[in-house]
Amino acid sequence: MRILDVAGLRKYFGGLAATSDVAFHVDQGEIVGLIGPNGAGKTTLFNLISGAIKPDAGTIRFKETNIAGMKPYRICRAGIARTFQSVQLFSNMSVFHNVLVGSLFGATKQKAARFDMVGPSDLLELVGLAGMGDLRAMDLRLANQKRLEIARALATRPDLLLLDEVMAGLNPTEVAEAMHLVRRISGRGITIVMIEHVMKAIMSICSRVIVLHYGQKLAEGKPEEIARDKTVIEVYLGE
Amino acid sequence: MFVKFVDIIVGSLLMGGIYALIAVGFSLQYGVARVLNVSHGEFLMLGAFAAWSLFTMAGINPVLSLVICAPVFFAIGFLIHRTLFKRLRICSESPAVFEGNSMLASFGLLFIIQNVALLVWGSPVRAYSYLAYPVSFLGTVFSANRIVTLIVSVLISIIFYLFLGRTRMGKAIRAAAQDPGAAELMGVSINEVLALCFGFGTMMAGLSGLLVSMTSVMVTPFMGMEYTLIAMIVVVLGGLGNIKGSFIGGFILGLVGTIVSYIQPGLSMVAYYFIFLLLLLIRPTGILAK
Amino acid sequence: MKHATKNVSFAAGLVAAALLLVALPQWASSYGVIFTTNILMYVIVTLSWVIFSGPTGYISLATSAFFGIGVYTAAVLSEDLPLPLMILIGGCISFCLAFLVGAITLRLRGMYFTMFTFALVQLINNFVHWYEVNITGTLGRVVASLESDTIYYTILVIFCLVVLVSYLIRRSRFGLALRSIGESEEAAAHAGVNVTLVKVAAFAIGAFFMGAVGAVMTMRWTYIDPPTAFDIRLSFMPLLMAIFGGMGQLYSPIIGSAIFAVLEEVLTTKFPYYYMLLFGGAMLLVILFMPHGIEGVIRKLGTARKRERVPGKT
């Protein structure tokens, strides 16, 4: 079943097309990778889907509803959660409260029961922050801050999770742990789209990869296909 | 009918010229130095009183006073930035905190300056008469001082415009207005540029005040705030950090003000606020921003 | 054991203060009652301001506008209606205006919002001025006055209400949402918080109390006109007082505003010609040397003392 269906998506900043006629779909349960050189428009695409910015044209169908242009809180309640490229935590609030905001405001009663009986503390345990509930968010090291952001996103009981460069700035051990976490989340039935530069992660976790370049979809296919694709290689080598 | 039309045009140019000057000053301070200077209008008030004092006590004509006061006001602004705002900039944890703190600090300045003005000049309304004889132009009659004000404000604007465009310091200011970080990378001493901009801003305010006093009948210690608000509105109209935009915006607002004054005097400020509100709603980046 | 005695003595202190306040007209001079009324007014206005601007970080300068609306409501209706009703109406009109203004302007970035609230005060001031000159024909109004004791008790009730509401908000989901907006509005929106609604609601609640207290204070002033009702200084005071006291805890702005209000009262009576100068100077000093207010200073002293108690460790 298609959980996300994007068609004819366009966004201009001034005269520049940050997103140009992008179209793709995501099936439920997939883990899709979104790659491309810097400035390709990957985060812009996430921003359009999550409601942070409004598209100039096109549709974004999420479970049969066109969510293009809707406010972020509505999209969140509909079932899409995301993390940010530069971690956006409630810095002066406790780890527990960070997650609590998500569960209080993002998780409506109609949502899937996959996280029923799972409170903020359990989510913290799931992401590997057990017992750190009382710490201040800003006091965590980067890897844990990213975990916290994920926990907060999960607290809103999403069907679709958008991860924006969640592995950036992590050391190899942390990257491996992150990959493990992503698999665990997927195992719970949540569909994932992840922007990444860490190719190892993309190749081993994702079932499908979409490549963006200058705001357009350049290629799409299985990881192995993409790795062999001549145009993709050119684009990355040219960097 | 034609007479009314010319009246409106000249009136707009006159008001617009002053609005443009004060807005450019405010824009320099907020756009470049990132100080939302709510005491900006108080410097206008000081300029007006300076003209009054120099004229009534020493017989110095206001146009000469302009030349005398320009460097003085510049120096005052420069010093204020060097002492107060530079220190705040160093102490503030983030740009947002600095903006809030500097705004508050400018409130403190507002109180201080108003009180000083009250002590020095008292609260009675002051006025003086200079070049108040009528001049005939295109069928209508204007007082000479208004024509002089118009010419002077346009001159100052042109001089400043050339300064921004042709001189090295001017280019540095423009660069800093676009992107303070980039300007720093270019090797421009950012502290110097900020203090300079602040000084220029104060100077513009003071000069505007001098010009206003020539044509206005009401010089009081409380006249400043209205102009601060006008400056804010014009700067939003023209786009924050857009010096040229503030300049053009001043004339647009001057036109609006003159027209509204014809229809219903006393409501021009209300009209400005509605424009402000509309702008903030529809195009907060300013109608002249790219 | 130490904590228990600390809590008990704190509670006892609060009760004692409450009793003193309630019985004030009995033991204080009439000047004392008026003095305390003024102090409480500033505390209420500051607390109302902190309800919205504290957690979200949006600096509102519209305080004078909402206060002045309360003033004018009471002035217009003072002959016809009993005090409690007037207070309610004054509060409600301010609430509605704040809701409207908030809904329109709270989508804007912080500084734009601040600028507009600044302009709002002048807008209403000018409009009322124009209205009185051109439509009513008379500038300013004379108001029926009330005894200072009645005014004092009314203010005390409003004070208790605003403290209660502030406390409840802090402990509620609504307060959590407000704080999350202040930390990261984008993240809060993406976590499901209806950011605009929450901001507007908090803004309007604060405005309600500002209008309410304005309606009461009118009864003391006997003559009001636009400059008196919409005095821009009242917009800066709560800002300064909140910074001075700190906004982290509920009691911080109360202490800060109380101290500053006493300072203001003393300055205006002793130095009527210089007080703005001194006030402005005080503002500059506070901003330069106490950016986190008394709360910050106390915290610094607290950590310094802790460091002393553990010798050899940093």
# chains A, B, ... in the order shown; residues from 1 in each chain; ligands from 1

call {"tool": "closest_atom_pairs", "arguments": {"of": "stretch 230-270 of chain C", "to": "stretch 98-111 of chain B", "cutoff": "10 Å", "atoms": "only C-alpha atoms", "output": "CSV"}}
result
residue,atom,partner,partner_atom,distance
C:Arg233,CA,B:Phe111,CA,8.9
C:Phe236,CA,B:Phe107,CA,7.7
C:Leu239,CA,B:Leu104,CA,8.5
C:Leu240,CA,B:Leu104,CA,7.9

call {"tool": "closest_atom_pairs", "arguments": {"of": "chain A", "to": "chain B", "cutoff": "12 Å", "atoms": "only C-alpha atoms", "output": "tab-separated table"}}
result
residue	atom	partner	partner_atom	distance
A:Phe13	CA	B:Lys290	CA	10.8
A:Gly14	CA	B:Lys290	CA	7.6
A:Gly15	CA	B:Lys290	CA	9.9

call {"tool": "write_last_selection", "arguments": {"atoms": "N, CA and C atoms", "output": "PDB file, in the first residue's frame"}}
result
ATOM      1  N   PHE A  13      12.669  29.423  -4.421  1.00  0.00           N
ATOM      2  CA  PHE A  13      13.148  30.435  -3.475  1.00  0.00           C
ATOM      3  C   PHE A  13      13.714  31.577  -4.290  1.00  0.00           C
ATOM      4  N   GLY A  14      12.961  32.678  -4.348  1.00  0.00           N
ATOM      5  CA  GLY A  14      13.367  33.752  -5.243  1.00  0.00           C
ATOM      6  C   GLY A  14      13.195  33.238  -6.658  1.00  0.00           C
ATOM      7  N   GLY A  15      14.251  33.219  -7.450  1.00  0.00           N
ATOM      8  CA  GLY A  15      14.111  32.682  -8.792  1.00  0.00           C
ATOM      9  C   GLY A  15      14.588  31.253  -8.890  1.00  0.00           C
TER      10      GLY A  15
END

call {"tool": "residues_around", "arguments": {"residues": "C:Val43", "least_positions_apart": "4", "cutoff": "8 Å", "atoms": "only C-alpha atoms", "output": "NGL selection string"}}
result
:C and (39 or 47 or 159 or 253-254 or 257-258 or 261)

call {"tool": "residues_around", "arguments": {"residues": "B:Leu210", "least_positions_apart": "5", "cutoff": "8 Å", "atoms": "only C-alpha atoms", "output": "list in words"}}
result
Leu44, Gly47, Ala48, Phe49, Ala50, Ala51, Pro62, Ser65 and Leu66 of chain B

call {"tool": "residues_around", "arguments": {"residues": "C:Thr222", "least_positions_apart": "4", "cutoff": "8 Å", "atoms": "only C-alpha atoms", "output": "JSON, numbers by chain"}}
result
{"C": [142, 143, 144, 145, 218]}

call {"tool": "write_last_selection", "arguments": {"atoms": "C-alpha atoms", "output": "compact mmCIF listing (two decimals), in the first residue's frame"}}
result
# COMPACT_ATOMS: atom_id res chain seq x y z
CA VAL C 142 -13.80 62.53 34.79
CA VAL C 143 -14.40 59.32 36.64
CA ALA C 144 -16.35 58.56 39.78
CA SER C 145 -13.94 57.42 42.42
CA THR C 218 -9.15 54.06 36.92

call {"tool": "select_by_dssp", "arguments": {"residues": "stretch 69-189 of chain A", "states": "strand (DSSP E)", "output": "number ranges by chain"}}
result
A: 80-82, 160-164

call {"tool": "interface_residues", "arguments": {"of": "chain A", "to": "chain C", "cutoff": "6 Å", "atoms": "only C-alpha atoms", "output": "VMD selection string"}}
result
chain A and resid 72 to 73 76 to 77 90 102 105 to 106

call {"tool": "residues_around", "arguments": {"residues": "C:Ser60", "least_positions_apart": "3", "cutoff": "7 Å", "atoms": "only C-alpha atoms", "output": "PyMOL selection string"}}
result
chain C and resi 53+114+117

call {"tool": "residues_around", "arguments": {"residues": "stretch 80-86 of chain A", "least_positions_apart": "5", "cutoff": "8 Å", "atoms": "only C-alpha atoms", "output": "PyMOL selection string"}}
result
(chain A and resi 43+50+75+149-150+153-154+156+158-166) or (chain C and resi 190-191)

call {"tool": "write_last_selection", "arguments": {"atoms": "N, CA and C atoms", "output": "short mmCIF file (atom, residue, chain, number, x, y, z; two decimals), in the first residue's frame"}}
result
data_model
loop_
_atom_site.label_atom_id
_atom_site.label_comp_id
_atom_site.auth_asym_id
_atom_site.auth_seq_id
_atom_site.Cartn_x
_atom_site.Cartn_y
_atom_site.Cartn_z
N THR A 43 16.64 18.28 2.15
CA THR A 43 15.97 18.81 3.33
C THR A 43 14.75 19.63 2.93
N SER A 50 6.81 17.72 5.63
CA SER A 50 6.42 17.87 7.04
C SER A 50 5.63 19.14 7.30
N ILE A 75 0.00 17.86 10.16
CA ILE A 75 0.68 16.76 9.48
C ILE A 75 1.24 15.79 10.51
N GLU A 149 15.81 13.12 19.90
CA GLU A 149 14.95 13.65 18.85
C GLU A 149 14.12 12.54 18.25
N ILE A 150 14.73 11.39 18.06
CA ILE A 150 14.00 10.25 17.52
C ILE A 150 12.90 9.82 18.49
N ALA A 153 10.07 12.09 18.26
CA ALA A 153 9.32 11.85 17.02
C ALA A 153 8.45 10.60 17.18
N LEU A 154 9.01 9.56 17.76
CA LEU A 154 8.24 8.32 17.94
C LEU A 154 7.08 8.52 18.89
N THR A 156 5.03 10.72 18.98
CA THR A 156 3.82 11.21 18.31
C THR A 156 3.12 10.09 17.55
N PRO A 158 3.99 7.99 14.90
CA PRO A 158 3.91 8.20 13.45
C PRO A 158 3.74 6.91 12.67
N ASP A 159 3.18 7.03 11.47
CA ASP A 159 3.21 5.91 10.53
C ASP A 159 4.40 6.06 9.60
N LEU A 160 4.82 7.32 9.43
CA LEU A 160 5.95 7.63 8.56
C LEU A 160 6.94 8.48 9.32
N LEU A 161 8.21 8.05 9.31
CA LEU A 161 9.25 8.79 10.03
C LEU A 161 10.28 9.29 9.04
N LEU A 162 10.53 10.60 9.08
CA LEU A 162 11.53 11.20 8.19
C LEU A 162 12.78 11.48 9.01
N LEU A 163 13.89 10.85 8.65
CA LEU A 163 15.13 11.07 9.40
C LEU A 163 16.09 11.88 8.55
N ASP A 164 16.45 13.05 9.04
CA ASP A 164 17.33 13.94 8.27
C ASP A 164 18.76 13.87 8.78
N GLU A 165 19.59 13.13 8.05
CA GLU A 165 21.02 12.98 8.36
C GLU A 165 21.24 12.64 9.83
N VAL A 166 20.56 11.61 10.28
CA VAL A 166 20.62 11.27 11.68
C VAL A 166 22.02 10.76 12.07
N HIS C 190 6.26 20.57 14.96
CA HIS C 190 6.39 19.24 14.39
C HIS C 190 6.11 18.14 15.40
N ALA C 191 6.01 18.51 16.67
CA ALA C 191 5.65 17.52 17.68
C ALA C 191 4.16 17.53 17.94
#

call {"tool": "closest_atom_pairs", "arguments": {"of": "chain B", "to": "chain C", "cutoff": "10 Å", "atoms": "only C-alpha atoms", "output": "CSV"}}
result
residue,atom,partner,partner_atom,distance
B:Leu36,CA,C:Met111,CA,8.5
B:Val38,CA,C:Met115,CA,9.5
B:Leu84,CA,C:Leu288,CA,8.3
B:Phe85,CA,C:Leu288,CA,9.5
B:Arg87,CA,C:Leu288,CA,8.0
B:Leu88,CA,C:Leu288,CA,6.6
B:Cys91,CA,C:Leu288,CA,8.1
B:Ser92,CA,C:Pro291,CA,8.6
B:Ala96,CA,C:Gly110,CA,9.1
B:Val97,CA,C:Pro291,CA,9.6
B:Glu99,CA,C:Met111,CA,8.3
B:Gly100,CA,C:Ile59,CA,8.0
B:Asn101,CA,C:Ile287,CA,6.6
B:Ser102,CA,C:Ile287,CA,8.6
B:Met103,CA,C:Met111,CA,9.8
B:Leu104,CA,C:Ile287,CA,7.5
B:Ala105,CA,C:Leu284,CA,5.5
B:Ser106,CA,C:Leu284,CA,8.5
B:Phe107,CA,C:Gly280,CA,7.2
B:Gly108,CA,C:Gly280,CA,3.9
B:Leu109,CA,C:Gly280,CA,6.2
B:Leu110,CA,C:Gly280,CA,7.4
B:Phe111,CA,C:Gly280,CA,5.1
B:Ile112,CA,C:Leu277,CA,4.3
B:Ile113,CA,C:Leu277,CA,7.6
B:Gln114,CA,C:Met276,CA,8.0
B:Asn115,CA,C:Leu277,CA,5.5
B:Val116,CA,C:Leu277,CA,7.1
B:Leu118,CA,C:Tyr273,CA,8.3
B:Leu119,CA,C:Tyr273,CA,7.4
B:Met225,CA,C:Gln122,CA,9.0
B:Glu226,CA,C:Gln122,CA,8.1
B:Thr228,CA,C:Ala119,CA,9.7
B:Leu229,CA,C:Ala119,CA,6.5
B:Ile230,CA,C:Ala119,CA,9.3
B:Met232,CA,C:Met115,CA,7.4
B:Ile233,CA,C:Met115,CA,8.8
B:Val236,CA,C:Tyr112,CA,8.6
B:Pro265,CA,C:Trp130,CA,9.2
B:Gly266,CA,C:Trp130,CA,6.4
B:Leu267,CA,C:Trp130,CA,7.0
B:Ser268,CA,C:Asn126,CA,9.5
B:Met269,CA,C:Leu123,CA,7.2
B:Val270,CA,C:Leu123,CA,5.7
B:Ala271,CA,C:Leu123,CA,9.1
B:Tyr272,CA,C:Leu123,CA,8.9
B:Tyr273,CA,C:Leu123,CA,6.4
B:Phe274,CA,C:Leu123,CA,8.7
B:Phe276,CA,C:Phe116,CA,7.8
B:Leu277,CA,C:Phe116,CA,7.4
B:Leu278,CA,C:Ile104,CA,9.8
B:Leu280,CA,C:Thr105,CA,7.4
B:Leu281,CA,C:Ile104,CA,7.1
B:Pro284,CA,C:Leu108,CA,8.0

call {"tool": "closest_residue", "arguments": {"among": "B:Gly25, B:Gly17, B:Gly122, B:Gly286", "to": "B:Leu150", "atoms": "only C-alpha atoms"}}
result
B:Gly17

call {"tool": "atom_distance", "arguments": {"atom1": "atom CA of A:Lys63", "atom2": "atom CA of A:Ile3"}}
result
5.0 Å

call {"tool": "select_by_dssp", "arguments": {"residues": "stretch 46-189 of chain B", "states": "alpha helix (DSSP H)", "output": "ChimeraX atom specification"}}
result
/B:46-58,62-80,86-91,95-121,144-166,168-178,180-185

call {"tool": "atom_distance", "arguments": {"atom1": "atom CA of C:Val71", "atom2": "atom CA of C:Leu21"}}
result
24.7 Å
